[in-house]
Amino acid sequence: MGRHSAMKSGETRALEGARVLVTRSPDRAAPLVAALREAGAEPLVLPLIDFERARDQHSLEVALDALRAGAYGWLVVSSITTVRALKEKAAERRLELKELIPDSVRVATIGPSSRRVLEAEGIPVDLAPEDVQSAAGLVAVWPTGFASVLLPQADIADAALAAGIEAKGAAVQAVTAYHTVDYPADPERRLTAALVAANGWRAGGGTGAPELTPAAAKAELSGGRLHAVVAASPSAARRIHAALAPLEGCRFIAIGRSTAAEAAALGLPVAATAKEPTPAGIVAALRTVFATEGNES
């Protein structure tokens with residue numbers, strides 16, 4: 001019996017039996033894997049990207065010294081991985097992450113997951129977009145006027161965030177906090193700082209889901225045994241394209257607009273984009289896709 005003939009109608013049952021590929025490392029995939037299982041899907045993990053410490057530690061150290069000294073009015077955190085990188089630098093100084101950030105510094109972020117992580121680490125968030133949870137969304141709500149801003153980010157980060165904030169009158173100091181690399185990272189350089197357990201972090205642990213190699217994932221895809229693949233960043237979209245394309249009948253699900261735009265630019269059809277960049281948002285996007293297809297079959 002085929003996937004669609006076996007699938008029960010109705011959005012609440014739409015994911016039963018769906019095999020969904022999560023392209024994250026096992027320690028980062030745990031929250032989404034759990035949400036997929038709860039929805040009735042069968043998650044599989046394909047680690048494609050990993051993260052290493054910044055090569056230029058001096059520039060990062062100088063920026064963090066200035067942050068702690070109160071030289072910046074704002075700290076912009078554009079990803080959960082940035083939180084990990086900053087937490088690791090704080091630990092090197094025998095500090096808690098919140099001790100690295102003076103009370104006078106306001107903190108901005110771009111989505112609910114990053115906000116929850118920061119708040120769980122004891123860092124209040126002063127600004128975050130509610131409607132468009134992305135870099136563009138943060139730029140849209142950024143206050144006009146002068147401000148000194150520290151923006152630690154990935155080496156491959158899009159320049160649009162810094163440019164957008166500067167267009168509002170701010171002076172932005174962008175600094176590389178970490179490097180995005182193919183999985184697995186160099187063990188000597190890999191980011192190891194663990195986030196608090198409340199955020200689904202499982203440092204050193206797995207998800208319980210099968211972990212595939214790119215070759216094994218390609219074989220599953222070619223055999224029609226993968227029904228969806230989830231990309232949680234533009235860099236993941238690029239690696240999915242390199243390792244798995246063409247996706248044929250496998251639906252590409254993007255965590256947000258920038259990931260969807262990157263996939264589209266690569267020629268990967270995007271079946272759905274999550275309205276919120278969270279596990280619940282991704283599951284909702286998957287349900288919509290499969291419920292619609294189930295009703296049409």
# chains A, B, ... in the order shown; residues from 1 in each chain; ligands from 1
>>> residues_around(residues="stretch 105-117 of chain A", least_positions_apart="2", cutoff="8 Å", atoms="only C-alpha atoms", output="ChimeraX atom specification")
/A:70,72-80,83,101-103,119-121,124-130,133-135,137-138,195-196,199,276-278
>>> write_last_selection(atoms="N, CA and C atoms", output="compact mmCIF listing (two decimals), in the first residue's frame")
# COMPACT_ATOMS: atom_id res chain seq x y z
N GLY A 70 30.77 48.21 28.21
CA GLY A 70 29.66 49.12 27.97
C GLY A 70 29.80 49.98 26.74
N TYR A 72 28.86 49.31 23.73
CA TYR A 72 27.74 49.16 22.80
C TYR A 72 26.42 49.37 23.52
N GLY A 73 25.47 49.94 22.78
CA GLY A 73 24.13 50.10 23.33
C GLY A 73 23.23 48.91 23.06
N TRP A 74 23.58 48.16 22.00
CA TRP A 74 22.77 47.01 21.60
C TRP A 74 23.66 45.81 21.30
N LEU A 75 23.14 44.64 21.61
CA LEU A 75 23.71 43.36 21.16
C LEU A 75 22.64 42.67 20.33
N VAL A 76 22.95 42.34 19.08
CA VAL A 76 22.00 41.65 18.22
C VAL A 76 22.43 40.19 18.09
N VAL A 77 21.53 39.29 18.47
CA VAL A 77 21.78 37.84 18.41
C VAL A 77 20.91 37.27 17.30
N SER A 78 21.53 36.85 16.21
CA SER A 78 20.77 36.44 15.03
C SER A 78 20.57 34.94 14.91
N SER A 79 21.09 34.15 15.85
CA SER A 79 20.90 32.70 15.78
C SER A 79 21.18 32.06 17.13
N ILE A 80 20.66 30.86 17.30
CA ILE A 80 20.94 30.10 18.51
C ILE A 80 22.43 29.73 18.57
N VAL A 83 24.40 32.25 20.32
CA VAL A 83 24.31 32.12 21.78
C VAL A 83 25.33 31.11 22.26
N ILE A 101 27.20 40.51 29.47
CA ILE A 101 26.37 41.57 28.89
C ILE A 101 25.93 42.54 29.99
N PRO A 102 26.41 43.77 30.01
CA PRO A 102 26.02 44.74 31.04
C PRO A 102 24.52 45.02 31.00
N ASP A 103 23.97 45.43 32.12
CA ASP A 103 22.54 45.75 32.19
C ASP A 103 22.17 46.90 31.27
N GLU A 119 16.42 34.02 27.08
CA GLU A 119 15.72 34.22 28.34
C GLU A 119 15.99 33.08 29.31
N ALA A 120 16.13 31.86 28.79
CA ALA A 120 16.46 30.73 29.66
C ALA A 120 17.87 30.88 30.24
N GLU A 121 18.73 31.60 29.52
CA GLU A 121 20.09 31.86 30.01
C GLU A 121 20.13 33.08 30.92
N PRO A 124 17.32 39.07 29.35
CA PRO A 124 16.07 39.60 28.81
C PRO A 124 16.24 40.13 27.40
N VAL A 125 15.22 39.94 26.58
CA VAL A 125 15.24 40.40 25.20
C VAL A 125 14.39 41.66 25.10
N ASP A 126 14.98 42.71 24.55
CA ASP A 126 14.29 44.01 24.46
C ASP A 126 13.57 44.21 23.14
N LEU A 127 14.02 43.54 22.09
CA LEU A 127 13.41 43.75 20.78
C LEU A 127 13.47 42.48 19.96
N ALA A 128 12.32 42.10 19.40
CA ALA A 128 12.24 40.94 18.49
C ALA A 128 10.98 41.12 17.65
N PRO A 129 11.06 40.80 16.37
CA PRO A 129 9.87 40.93 15.52
C PRO A 129 8.82 39.90 15.89
N GLU A 130 7.56 40.26 15.71
CA GLU A 130 6.47 39.33 16.02
C GLU A 130 5.85 38.74 14.76
N GLN A 133 9.42 36.86 11.47
CA GLN A 133 10.48 36.46 12.41
C GLN A 133 11.73 36.08 11.62
N SER A 134 12.47 37.13 11.26
CA SER A 134 13.65 36.97 10.42
C SER A 134 14.50 38.22 10.54
N ALA A 135 15.63 38.22 9.84
CA ALA A 135 16.47 39.42 9.83
C ALA A 135 15.69 40.61 9.28
N GLY A 137 12.53 41.05 9.38
CA GLY A 137 11.55 41.44 10.38
C GLY A 137 12.16 42.30 11.47
N LEU A 138 13.38 41.97 11.89
CA LEU A 138 14.05 42.77 12.92
C LEU A 138 14.38 44.15 12.38
N LEU A 195 23.47 24.48 25.69
CA LEU A 195 22.43 25.36 26.17
C LEU A 195 21.63 24.65 27.26
N VAL A 196 20.83 25.41 27.98
CA VAL A 196 20.09 24.82 29.09
C VAL A 196 19.11 23.76 28.58
N ASN A 199 15.65 24.06 26.63
CA ASN A 199 15.53 24.38 25.21
C ASN A 199 15.72 23.16 24.32
N GLU A 276 6.35 30.12 11.56
CA GLU A 276 7.22 30.43 12.69
C GLU A 276 8.42 29.49 12.63
N PRO A 277 9.63 30.02 12.86
CA PRO A 277 10.84 29.18 12.75
C PRO A 277 11.07 28.33 14.00
N THR A 278 10.11 27.46 14.27
CA THR A 278 10.15 26.60 15.46
C THR A 278 9.75 25.19 15.05
>>> residues_around(residues="A:Pro43", least_positions_apart="2", cutoff="6 Å", atoms="only C-alpha atoms", output="JSON, numbers by chain")
{"A": [19, 20, 21, 33]}
>>> write_last_selection(atoms="all heavy atoms", output="compact mmCIF listing (two decimals), in the first residue's frame")
# COMPACT_ATOMS: atom_id res chain seq x y z
N ARG A 19 7.84 9.90 6.35
CA ARG A 19 9.26 9.82 6.72
C ARG A 19 9.90 11.16 6.38
O ARG A 19 9.97 11.56 5.22
CB ARG A 19 9.94 8.65 5.99
CG ARG A 19 9.25 7.33 6.25
CD ARG A 19 9.96 6.18 5.55
NE ARG A 19 11.09 5.70 6.36
CZ ARG A 19 12.31 5.49 5.90
NH1 ARG A 19 12.59 5.77 4.63
NH2 ARG A 19 13.26 5.02 6.68
N VAL A 20 10.34 11.85 7.42
CA VAL A 20 10.81 13.23 7.29
C VAL A 20 12.29 13.31 7.65
O VAL A 20 12.70 12.89 8.74
CB VAL A 20 9.99 14.17 8.20
CG1 VAL A 20 10.50 15.61 8.07
CG2 VAL A 20 8.51 14.08 7.87
N LEU A 21 13.07 13.86 6.73
CA LEU A 21 14.51 13.99 6.92
C LEU A 21 14.82 15.34 7.56
O LEU A 21 14.48 16.38 7.02
CB LEU A 21 15.22 13.86 5.57
CG LEU A 21 16.74 13.70 5.59
CD1 LEU A 21 17.14 12.40 6.29
CD2 LEU A 21 17.28 13.73 4.16
N VAL A 33 12.80 16.50 16.14
CA VAL A 33 12.54 15.06 16.09
C VAL A 33 11.40 14.69 17.02
O VAL A 33 10.49 13.93 16.67
CB VAL A 33 13.83 14.27 16.43
CG1 VAL A 33 13.51 12.82 16.75
CG2 VAL A 33 14.82 14.34 15.28
>>> atom_distance(atom1="atom CA of A:Leu151", atom2="atom CA of A:Ala231")
23.9 Å
>>> closest_residue(among="A:Ala147, A:Leu15, A:Leu212, A:Val270", to="A:Val230", atoms="only C-alpha atoms")
A:Val270
>>> residues_around(residues="A:Thr144", least_positions_apart="2", cutoff="8 Å", atoms="only C-alpha atoms", output="number ranges by chain")
A: 142, 146, 168-170
>>> write_last_selection(atoms="N, CA and C atoms", output="compact mmCIF listing (two decimals), in the first residue's frame")
# COMPACT_ATOMS: atom_id res chain seq x y z
N TRP A 142 13.28 47.88 13.91
CA TRP A 142 14.42 48.53 14.55
C TRP A 142 14.16 50.03 14.69
N PHE A 146 20.55 57.06 16.14
CA PHE A 146 21.88 56.52 16.36
C PHE A 146 21.89 55.50 17.50
N LYS A 168 18.99 52.56 9.44
CA LYS A 168 18.14 53.22 10.43
C LYS A 168 18.94 54.23 11.27
N GLY A 169 20.25 54.34 11.01
CA GLY A 169 21.07 55.32 11.71
C GLY A 169 22.06 54.76 12.70
N ALA A 170 22.11 53.44 12.83
CA ALA A 170 23.00 52.80 13.81
C ALA A 170 24.40 52.62 13.25
>>> closest_residue(among="A:Val22, A:Gly17, A:Thr207, A:Ala29", to="A:Ala254", atoms="only C-alpha atoms")
A:Val22
>>> atom_distance(atom1="atom CA of A:Ala193", atom2="atom CA of A:Arg84")
5.5 Å
>>> closest_residue(among="A:Thr23, A:Ser104, A:Thr288, A:Thr81", to="A:Leu44", atoms="only C-alpha atoms")
A:Thr23
>>> residues_around(residues="A:Thr180", least_positions_apart="3", cutoff="10 Å", atoms="only C-alpha atoms", output="PyMOL selection string")
chain A and resi 49-54+81+154-157+183+185+235-236
>>> decode(residues="stretch 50-63 of chain A", atoms="all heavy atoms", output="compact mmCIF listing (two decimals), in the first residue's frame")
# COMPACT_ATOMS: atom_id res chain seq x y z
N ASP A 50 27.78 21.85 10.49
CA ASP A 50 28.26 21.88 11.87
C ASP A 50 28.92 23.24 12.09
O ASP A 50 28.99 24.07 11.16
CB ASP A 50 29.25 20.73 12.09
CG ASP A 50 29.23 20.21 13.52
OD1 ASP A 50 28.69 20.90 14.41
OD2 ASP A 50 29.78 19.11 13.75
N PHE A 51 29.41 23.47 13.29
CA PHE A 51 29.89 24.80 13.63
C PHE A 51 31.20 24.74 14.39
O PHE A 51 31.37 23.93 15.30
CB PHE A 51 28.84 25.54 14.46
CG PHE A 51 27.50 25.58 13.78
CD1 PHE A 51 26.50 24.67 14.14
CD2 PHE A 51 27.24 26.47 12.76
CE1 PHE A 51 25.27 24.67 13.51
CE2 PHE A 51 26.02 26.48 12.11
CZ PHE A 51 25.03 25.58 12.48
N GLU A 52 32.11 25.62 13.99
CA GLU A 52 33.43 25.71 14.62
C GLU A 52 33.66 27.11 15.16
O GLU A 52 33.04 28.08 14.71
CB GLU A 52 34.53 25.36 13.61
CG GLU A 52 34.48 23.92 13.15
CD GLU A 52 35.57 23.60 12.13
OE1 GLU A 52 36.30 24.52 11.72
OE2 GLU A 52 35.67 22.41 11.75
N ARG A 53 34.57 27.20 16.11
CA ARG A 53 34.92 28.50 16.68
C ARG A 53 35.49 29.42 15.61
O ARG A 53 36.07 28.96 14.63
CB ARG A 53 35.95 28.32 17.80
CG ARG A 53 35.48 27.45 18.94
CD ARG A 53 36.55 27.30 20.01
NE ARG A 53 36.16 26.27 20.96
CZ ARG A 53 36.50 25.00 20.88
NH1 ARG A 53 37.26 24.60 19.87
NH2 ARG A 53 36.08 24.14 21.78
N ALA A 54 35.35 30.71 15.84
CA ALA A 54 35.89 31.70 14.91
C ALA A 54 37.40 31.53 14.76
O ALA A 54 38.11 31.31 15.74
CB ALA A 54 35.57 33.10 15.41
N ARG A 55 37.87 31.64 13.53
CA ARG A 55 39.32 31.57 13.30
C ARG A 55 40.02 32.79 13.93
O ARG A 55 41.09 32.68 14.50
CB ARG A 55 39.62 31.55 11.80
CG ARG A 55 38.86 30.50 11.01
CD ARG A 55 39.43 29.10 11.19
NE ARG A 55 38.81 28.19 10.24
CZ ARG A 55 37.69 27.51 10.46
NH1 ARG A 55 37.06 27.66 11.62
NH2 ARG A 55 37.20 26.69 9.56
N ASP A 56 39.38 33.97 13.77
CA ASP A 56 39.94 35.20 14.30
C ASP A 56 39.44 35.43 15.72
O ASP A 56 38.49 36.19 15.96
CB ASP A 56 39.57 36.37 13.39
CG ASP A 56 40.21 37.69 13.82
OD1 ASP A 56 40.94 37.69 14.83
OD2 ASP A 56 39.95 38.71 13.16
N GLN A 57 40.07 34.76 16.66
CA GLN A 57 39.66 34.90 18.05
C GLN A 57 39.98 36.29 18.61
O GLN A 57 39.27 36.79 19.48
CB GLN A 57 40.34 33.82 18.90
CG GLN A 57 39.76 32.44 18.71
CD GLN A 57 38.38 32.29 19.32
OE1 GLN A 57 38.20 32.50 20.52
NE2 GLN A 57 37.39 31.96 18.50
N HIS A 58 41.02 36.91 18.09
CA HIS A 58 41.42 38.22 18.61
C HIS A 58 40.32 39.26 18.39
O HIS A 58 39.95 40.00 19.33
CB HIS A 58 42.72 38.69 17.95
CG HIS A 58 43.13 40.07 18.38
ND1 HIS A 58 43.59 40.36 19.64
CD2 HIS A 58 43.12 41.26 17.70
CE1 HIS A 58 43.86 41.65 19.74
NE2 HIS A 58 43.58 42.21 18.58
N SER A 59 39.78 39.32 17.17
CA SER A 59 38.73 40.31 16.89
C SER A 59 37.50 40.06 17.74
O SER A 59 36.85 41.00 18.23
CB SER A 59 38.36 40.28 15.40
OG SER A 59 39.44 40.70 14.61
N LEU A 60 37.15 38.78 17.94
CA LEU A 60 36.00 38.46 18.78
C LEU A 60 36.27 38.84 20.22
O LEU A 60 35.39 39.41 20.90
CB LEU A 60 35.69 36.96 18.66
CG LEU A 60 34.48 36.46 19.45
CD1 LEU A 60 33.21 37.20 19.06
CD2 LEU A 60 34.30 34.95 19.23
N GLU A 61 37.45 38.57 20.71
CA GLU A 61 37.81 38.93 22.09
C GLU A 61 37.74 40.44 22.30
O GLU A 61 37.22 40.92 23.31
CB GLU A 61 39.22 38.43 22.42
CG GLU A 61 39.36 36.92 22.53
CD GLU A 61 38.83 36.38 23.85
OE1 GLU A 61 38.38 37.19 24.69
OE2 GLU A 61 38.87 35.15 24.03
N VAL A 62 38.28 41.20 21.35
CA VAL A 62 38.26 42.66 21.46
C VAL A 62 36.82 43.16 21.51
O VAL A 62 36.47 44.05 22.31
CB VAL A 62 39.04 43.30 20.29
CG1 VAL A 62 38.79 44.81 20.23
CG2 VAL A 62 40.52 43.01 20.42
N ALA A 63 35.97 42.61 20.64
CA ALA A 63 34.57 43.03 20.62
C ALA A 63 33.85 42.70 21.92
O ALA A 63 33.08 43.51 22.45
CB ALA A 63 33.86 42.37 19.44
